[in-house]
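Shown next: data_36.pdb, given as PDB, C-alpha atoms.
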ATOM      1  CA  MET A  29       6.484 -31.975   3.032  1.00  0.00           C
ATOM      2  CA  LEU A  30       8.569 -29.183   1.506  1.00  0.00           C
ATOM      3  CA  THR A  31       8.277 -27.190   4.730  1.00  0.00           C
ATOM      4  CA  ALA A  32       9.682 -30.092   6.737  1.00  0.00           C
ATOM      5  CA  VAL A  33      12.667 -30.388   4.397  1.00  0.00           C
ATOM      6  CA  VAL A  34      13.385 -26.649   4.524  1.00  0.00           C
ATOM      7  CA  THR A  35      13.123 -26.384   8.311  1.00  0.00           C
ATOM      8  CA  ALA A  36      15.267 -29.473   8.790  1.00  0.00           C
ATOM      9  CA  SER A  37      17.959 -28.075   6.513  1.00  0.00           C
ATOM     10  CA  LEU A  38      18.006 -24.838   8.513  1.00  0.00           C
ATOM     11  CA  GLY A  39      18.523 -26.732  11.744  1.00  0.00           C
ATOM     12  CA  VAL A  40      15.067 -25.967  13.087  1.00  0.00           C
ATOM     13  CA  GLY A  41      13.960 -28.810  15.339  1.00  0.00           C
ATOM     14  CA  ASP A  42      10.969 -29.547  17.497  1.00  0.00           C
ATOM     15  CA  GLU A  43      12.046 -27.066  20.153  1.00  0.00           C
ATOM     16  CA  PRO A  44      12.606 -23.373  19.463  1.00  0.00           C
ATOM     17  CA  GLN A  45      16.175 -22.087  19.696  1.00  0.00           C
ATOM     18  CA  ARG A  46      16.941 -20.719  23.127  1.00  0.00           C
ATOM     19  CA  PHE A  47      19.298 -17.810  23.516  1.00  0.00           C
ATOM     20  CA  GLU A  48      21.134 -16.806  26.614  1.00  0.00           C
ATOM     21  CA  ARG A  49      19.804 -13.877  28.570  1.00  0.00           C
ATOM     22  CA  ALA A  50      23.069 -12.012  27.930  1.00  0.00           C
ATOM     23  CA  GLU A  51      22.567 -12.253  24.151  1.00  0.00           C
ATOM     24  CA  ARG A  52      19.031 -10.921  24.430  1.00  0.00           C
ATOM     25  CA  ASP A  53      19.747  -8.127  26.910  1.00  0.00           C
ATOM     26  CA  CYS A  54      22.997  -6.992  25.293  1.00  0.00           C
ATOM     27  CA  GLY A  55      21.395  -7.217  21.847  1.00  0.00           C
ATOM     28  CA  GLU A  56      18.569  -4.981  22.998  1.00  0.00           C
ATOM     29  CA  TRP A  57      21.089  -2.531  24.489  1.00  0.00           C
ATOM     30  CA  LEU A  58      22.980  -2.382  21.180  1.00  0.00           C
ATOM     31  CA  ARG A  59      19.732  -1.798  19.273  1.00  0.00           C
ATOM     32  CA  GLU A  60      18.776   1.081  21.567  1.00  0.00           C
ATOM     33  CA  HIS A  61      22.191   2.750  21.901  1.00  0.00           C
ATOM     34  CA  THR A  62      24.143   2.307  18.661  1.00  0.00           C
ATOM     35  CA  ALA A  63      23.931   3.477  15.084  1.00  0.00           C
ATOM     36  CA  LEU A  64      22.319   1.193  12.525  1.00  0.00           C
ATOM     37  CA  ASP A  65      25.658   0.651  10.777  1.00  0.00           C
ATOM     38  CA  ALA A  66      27.411  -0.608  13.922  1.00  0.00           C
ATOM     39  CA  ARG A  67      29.207  -3.930  13.442  1.00  0.00           C
ATOM     40  CA  VAL A  68      29.548  -6.337  16.357  1.00  0.00           C
ATOM     41  CA  LEU A  69      32.398  -8.741  17.005  1.00  0.00           C
ATOM     42  CA  HIS A  70      31.187 -11.800  18.938  1.00  0.00           C
ATOM     43  CA  ASP A  71      31.671 -15.512  19.343  1.00  0.00           C
ATOM     44  CA  PRO A  72      30.247 -17.154  16.175  1.00  0.00           C
ATOM     45  CA  GLU A  73      28.278 -19.546  18.394  1.00  0.00           C
ATOM     46  CA  ARG A  74      26.281 -16.630  19.820  1.00  0.00           C
ATOM     47  CA  THR A  75      23.777 -16.441  16.985  1.00  0.00           C
ATOM     48  CA  GLY A  76      21.141 -14.598  19.037  1.00  0.00           C
ATOM     49  CA  LEU A  77      23.106 -11.367  19.390  1.00  0.00           C
ATOM     50  CA  PRO A  78      22.619 -10.136  15.771  1.00  0.00           C
ATOM     51  CA  ILE A  79      18.948 -11.133  15.944  1.00  0.00           C
ATOM     52  CA  PHE A  80      18.203  -9.121  19.078  1.00  0.00           C
ATOM     53  CA  SER A  81      20.492  -6.184  18.264  1.00  0.00           C
ATOM     54  CA  LEU A  82      19.467  -5.754  14.615  1.00  0.00           C
ATOM     55  CA  ARG A  83      23.119  -4.862  14.057  1.00  0.00           C
ATOM     56  CA  ALA A  84      25.510  -6.553  11.642  1.00  0.00           C
ATOM     57  CA  SER A  85      27.881  -9.193  12.861  1.00  0.00           C
ATOM     58  CA  VAL A  86      31.456  -9.024  11.568  1.00  0.00           C
ATOM     59  CA  LEU A  87      30.658 -12.500  10.244  1.00  0.00           C
ATOM     60  CA  ALA A  88      27.724 -11.244   8.149  1.00  0.00           C
ATOM     61  CA  LEU A  89      27.825 -12.293   4.505  1.00  0.00           C
ATOM     62  CA  GLU A  90      26.098  -9.200   3.122  1.00  0.00           C
ATOM     63  CA  PRO A  91      29.314  -7.237   2.322  1.00  0.00           C
ATOM     64  CA  ILE A  92      30.760 -10.327   0.651  1.00  0.00           C
ATOM     65  CA  LEU A  93      27.604 -11.029  -1.343  1.00  0.00           C
ATOM     66  CA  ARG A  94      27.471  -7.403  -2.487  1.00  0.00           C
ATOM     67  CA  GLY A  95      30.723  -7.896  -4.461  1.00  0.00           C
ATOM     68  CA  ASP A  96      30.970  -7.359  -8.205  1.00  0.00           C
ATOM     69  CA  LYS A  97      29.022  -9.732 -10.427  1.00  0.00           C
ATOM     70  CA  PRO A  98      29.255  -8.967 -14.154  1.00  0.00           C
ATOM     71  CA  ASN A  99      25.758  -8.487 -15.611  1.00  0.00           C
ATOM     72  CA  GLY A 100      24.342  -9.550 -12.240  1.00  0.00           C
ATOM     73  CA  ILE A 101      25.564 -13.102 -12.775  1.00  0.00           C
ATOM     74  CA  ALA A 102      27.975 -14.690 -10.351  1.00  0.00           C
ATOM     75  CA  PRO A 103      31.196 -15.905 -12.002  1.00  0.00           C
ATOM     76  CA  PRO A 104      31.872 -19.667 -11.912  1.00  0.00           C
ATOM     77  CA  ASP A 105      34.316 -19.321  -9.015  1.00  0.00           C
ATOM     78  CA  TYR A 106      31.899 -17.183  -6.955  1.00  0.00           C
ATOM     79  CA  MET A 107      31.042 -19.921  -4.439  1.00  0.00           C
ATOM     80  CA  ALA A 108      34.721 -20.726  -3.957  1.00  0.00           C
ATOM     81  CA  ALA A 109      35.456 -17.018  -3.384  1.00  0.00           C
ATOM     82  CA  LEU A 110      32.529 -16.753  -0.975  1.00  0.00           C
ATOM     83  CA  THR A 111      33.723 -19.783   0.973  1.00  0.00           C
ATOM     84  CA  ARG A 112      37.262 -18.324   1.150  1.00  0.00           C
ATOM     85  CA  ALA A 113      35.910 -14.984   2.392  1.00  0.00           C
ATOM     86  CA  VAL A 114      33.848 -16.655   5.134  1.00  0.00           C
ATOM     87  CA  ASP A 115      36.839 -18.778   6.160  1.00  0.00           C
ATOM     88  CA  GLU A 116      39.056 -15.664   6.291  1.00  0.00           C
ATOM     89  CA  ARG A 117      36.557 -13.867   8.558  1.00  0.00           C
ATOM     90  CA  ARG A 118      36.278 -16.842  10.876  1.00  0.00           C
ATOM     91  CA  ALA A 119      40.081 -17.102  10.988  1.00  0.00           C
ATOM     92  CA  ALA A 120      40.331 -13.390  11.864  1.00  0.00           C
ATOM     93  CA  VAL A 121      37.855 -13.882  14.717  1.00  0.00           C
ATOM     94  CA  GLY A 122      40.010 -16.798  15.865  1.00  0.00           C
ATOM     95  CA  ARG A 123      43.116 -14.583  15.780  1.00  0.00           C
ATOM     96  CA  PHE A 124      41.223 -11.943  17.756  1.00  0.00           C
ATOM     97  CA  VAL A 125      40.263 -14.435  20.464  1.00  0.00           C
ATOM     98  CA  ALA A 126      43.844 -15.750  20.630  1.00  0.00           C
ATOM     99  CA  ALA A 127      45.475 -12.298  20.715  1.00  0.00           C
ATOM    100  CA  THR A 128      47.627 -11.817  23.801  1.00  0.00           C
ATOM    101  CA  ARG A 129      48.317  -8.091  23.402  1.00  0.00           C
ATOM    102  CA  ALA A 130      45.776  -5.268  23.471  1.00  0.00           C
ATOM    103  CA  SER A 131      47.310  -3.641  20.377  1.00  0.00           C
ATOM    104  CA  GLU A 132      46.996  -6.894  18.425  1.00  0.00           C
ATOM    105  CA  ALA A 133      43.352  -7.371  19.463  1.00  0.00           C
ATOM    106  CA  ASN A 134      42.525  -3.777  18.492  1.00  0.00           C
ATOM    107  CA  ALA A 135      44.251  -4.140  15.104  1.00  0.00           C
ATOM    108  CA  ILE A 136      42.222  -7.275  14.310  1.00  0.00           C
ATOM    109  CA  ALA A 137      38.999  -5.565  15.423  1.00  0.00           C
ATOM    110  CA  ASP A 138      39.863  -2.753  12.989  1.00  0.00           C
ATOM    111  CA  GLU A 139      40.598  -5.266  10.215  1.00  0.00           C
ATOM    112  CA  LEU A 140      37.143  -6.783  10.744  1.00  0.00           C
ATOM    113  CA  GLY A 141      35.476  -3.365  10.791  1.00  0.00           C
ATOM    114  CA  ALA A 142      34.099  -3.977  14.276  1.00  0.00           C
ATOM    115  CA  SER A 143      32.510  -1.181  16.287  1.00  0.00           C
ATOM    116  CA  TYR A 144      31.630  -3.194  19.369  1.00  0.00           C
ATOM    117  CA  LEU A 145      32.667  -6.389  21.114  1.00  0.00           C
ATOM    118  CA  PHE A 146      30.185  -8.625  22.923  1.00  0.00           C
ATOM    119  CA  LEU A 147      31.559 -10.988  25.544  1.00  0.00           C
ATOM    120  CA  GLY A 148      29.454 -13.483  27.419  1.00  0.00           C
ATOM    121  CA  GLY A 149      30.558 -14.838  30.765  1.00  0.00           C
ATOM    122  CA  ASP A 150      32.384 -17.849  29.347  1.00  0.00           C
ATOM    123  CA  ASP A 151      33.610 -16.426  26.026  1.00  0.00           C
ATOM    124  CA  PRO A 152      37.377 -16.947  25.733  1.00  0.00           C
ATOM    125  CA  LEU A 153      39.702 -14.026  25.116  1.00  0.00           C
ATOM    126  CA  GLY A 154      43.506 -13.978  25.270  1.00  0.00           C
ATOM    127  CA  VAL A 155      43.720 -10.446  26.662  1.00  0.00           C
ATOM    128  CA  ASP A 156      42.062  -8.808  29.632  1.00  0.00           C
ATOM    129  CA  PRO A 157      39.187  -6.989  27.878  1.00  0.00           C
ATOM    130  CA  VAL A 158      39.149  -4.111  30.365  1.00  0.00           C
ATOM    131  CA  GLU A 159      42.885  -3.592  29.865  1.00  0.00           C
ATOM    132  CA  ALA A 160      42.552  -3.840  26.082  1.00  0.00           C
ATOM    133  CA  PHE A 161      39.345  -1.883  25.487  1.00  0.00           C
ATOM    134  CA  GLY A 162      38.606   0.059  28.672  1.00  0.00           C
ATOM    135  CA  THR A 163      35.566  -0.065  30.891  1.00  0.00           C
ATOM    136  CA  PRO A 164      32.584  -1.886  29.351  1.00  0.00           C
ATOM    137  CA  LEU A 165      29.909   0.411  27.967  1.00  0.00           C
ATOM    138  CA  THR A 166      27.360  -1.775  29.725  1.00  0.00           C
ATOM    139  CA  THR A 167      26.943  -5.037  31.561  1.00  0.00           C
ATOM    140  CA  CYS A 168      23.778  -6.858  30.621  1.00  0.00           C
ATOM    141  CA  GLY A 169      22.054 -10.156  31.104  1.00  0.00           C
ATOM    142  CA  GLY A 170      24.096 -10.990  34.177  1.00  0.00           C
ATOM    143  CA  GLU A 171      27.447 -11.809  32.569  1.00  0.00           C
ATOM    144  CA  GLY A 172      27.320 -10.096  29.176  1.00  0.00           C
ATOM    145  CA  ARG A 173      29.496  -7.064  28.476  1.00  0.00           C
ATOM    146  CA  ILE A 174      29.716  -4.645  25.556  1.00  0.00           C
ATOM    147  CA  PHE A 175      32.997  -2.867  24.736  1.00  0.00           C
ATOM    148  CA  ALA A 176      33.782  -0.204  22.125  1.00  0.00           C
ATOM    149  CA  VAL A 177      36.597  -1.538  19.916  1.00  0.00           C
ATOM    150  CA  GLY A 178      38.674  -0.478  16.965  1.00  0.00           C
ATOM    151  CA  GLY A 179      38.546   2.929  15.352  1.00  0.00           C
ATOM    152  CA  HIS A 180      34.981   2.440  14.170  1.00  0.00           C
ATOM    153  CA  ALA A 181      33.241   2.934  17.508  1.00  0.00           C
ATOM    154  CA  ALA A 182      33.992   6.655  17.423  1.00  0.00           C
ATOM    155  CA  THR A 183      31.772   7.071  14.354  1.00  0.00           C
ATOM    156  CA  THR A 184      28.719   5.485  15.941  1.00  0.00           C
ATOM    157  CA  THR A 185      26.071   7.147  18.061  1.00  0.00           C
ATOM    158  CA  LEU A 186      25.758   6.174  21.691  1.00  0.00           C
ATOM    159  CA  ALA A 187      22.643   8.271  22.262  1.00  0.00           C
ATOM    160  CA  PRO A 188      19.443   6.222  22.553  1.00  0.00           C
ATOM    161  CA  VAL A 189      17.628   5.828  19.278  1.00  0.00           C
ATOM    162  CA  ALA A 190      14.096   7.235  19.345  1.00  0.00           C
ATOM    163  CA  PRO A 191      11.370   4.560  19.039  1.00  0.00           C
TER     164      PRO A 191
END
I'd like the structure from this file rewritten - as structure tokens, please.
Amino acid sequence: MLTAVVTASLGVGDEPQRFERAERDCGEWLREHTALDARVLHDPERTGLPIFSLRASVLALEPILRGDKPNGIAPPDYMAALTRAVDERRAAVGRFVAATRASEANAIADELGASYLFLGGDDPLGVDPVEAFGTPLTTCGGEGRIFAVGGHAATTTLAPVAP
């Protein structure tokens, strides 16, 4: 009974979640070709990318959760602060998608600490990604593309990681 309640609250239904081929293939490429600390900017609806890449999403809560907690106890306003931080990240991703100038898109990618951008075939973007970020590092899964973005990509390793 408890299992059913937990799985229902996590959105797990009768059918397993299906991810697009681009999420899987590009995620695997990121896992094999980027440093462990790489952060990926992607559409929040593309939940498979962080799973397959084993790389942090710019929407990941871990840096927020790591914040100061006196004596290891969250202050009373912790949940409100956490909610604000998540909302701010989502808003920044929204500003990134709506950016109409390459310099604006790059500045927002920097603000989010992004190393790479994943775009699926139908992901909206206000700027031409090739004009803004250069040639994709790879095309994967048919329509998926990975771009180096922001100033953080230069610190990551593009050599394949040994198994």
Open item on the list: Under the rule that all atoms listed in the file are counted, which of A:Asp151, A:Asp156, A:Glu60, A:Asp71 is the nearest residue to A:Ala120?
Closed with: A:Asp71
Open item on the list: Once the PyMOL selection byres ((chain A and resi 153) around 8) is applied to the coordinates I shared, what remains selected? I want it as a PyMOL selection string.
Closed with: chain A and resi 124-127+151-152+154-157
TODO: Show which residues sit within 6 Å of A:Ser81, as a PyMOL selection string. Count all atoms listed in the file, and ignore same-chain residues fewer than 5 positions away.
DONE: chain A and resi 55-56+58-59
Can you pull out the residues contacting stretch 164-175 of chain A? Cut-off 9 Å, using all atoms listed in the file, and skip same-chain residues under 3 positions away; I want them as an mmCIF file with C-alpha atoms, in the frame of the given file.
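Now in selection22.cif:
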data_model
loop_
_atom_site.group_PDB
_atom_site.id
_atom_site.type_symbol
_atom_site.label_atom_id
_atom_site.label_comp_id
_atom_site.auth_asym_id
_atom_site.auth_seq_id
_atom_site.Cartn_x
_atom_site.Cartn_y
_atom_site.Cartn_z
ATOM 1 C CA GLU A 48 21.134 -16.806 26.614
ATOM 2 C CA ARG A 49 19.804 -13.877 28.570
ATOM 3 C CA ALA A 50 23.069 -12.012 27.930
ATOM 4 C CA GLU A 51 22.567 -12.253 24.151
ATOM 5 C CA ARG A 52 19.031 -10.921 24.430
ATOM 6 C CA ASP A 53 19.747 -8.127 26.910
ATOM 7 C CA CYS A 54 22.997 -6.992 25.293
ATOM 8 C CA TRP A 57 21.089 -2.531 24.489
ATOM 9 C CA LEU A 58 22.980 -2.382 21.180
ATOM 10 C CA SER A 143 32.510 -1.181 16.287
ATOM 11 C CA TYR A 144 31.630 -3.194 19.369
ATOM 12 C CA LEU A 145 32.667 -6.389 21.114
ATOM 13 C CA PHE A 146 30.185 -8.625 22.923
ATOM 14 C CA LEU A 147 31.559 -10.988 25.544
ATOM 15 C CA GLY A 148 29.454 -13.483 27.419
ATOM 16 C CA GLY A 149 30.558 -14.838 30.765
ATOM 17 C CA ASP A 150 32.384 -17.849 29.347
ATOM 18 C CA PRO A 157 39.187 -6.989 27.878
ATOM 19 C CA VAL A 158 39.149 -4.111 30.365
ATOM 20 C CA PHE A 161 39.345 -1.883 25.487
#
Task: Which of A:Asp65, A:Glu116, A:Glu159, A:Asp138 sits closest to A:Ser85 [using all atoms listed in the file] - done: A:Asp65
Task: For atom CA of A:Asn134 and atom CA of A:Ala160, the interatomic separation in Å (one decimal) - done: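 Between atom CA of A:Asn134 and atom CA of A:Ala160 the gap works out to 7.6 Å.
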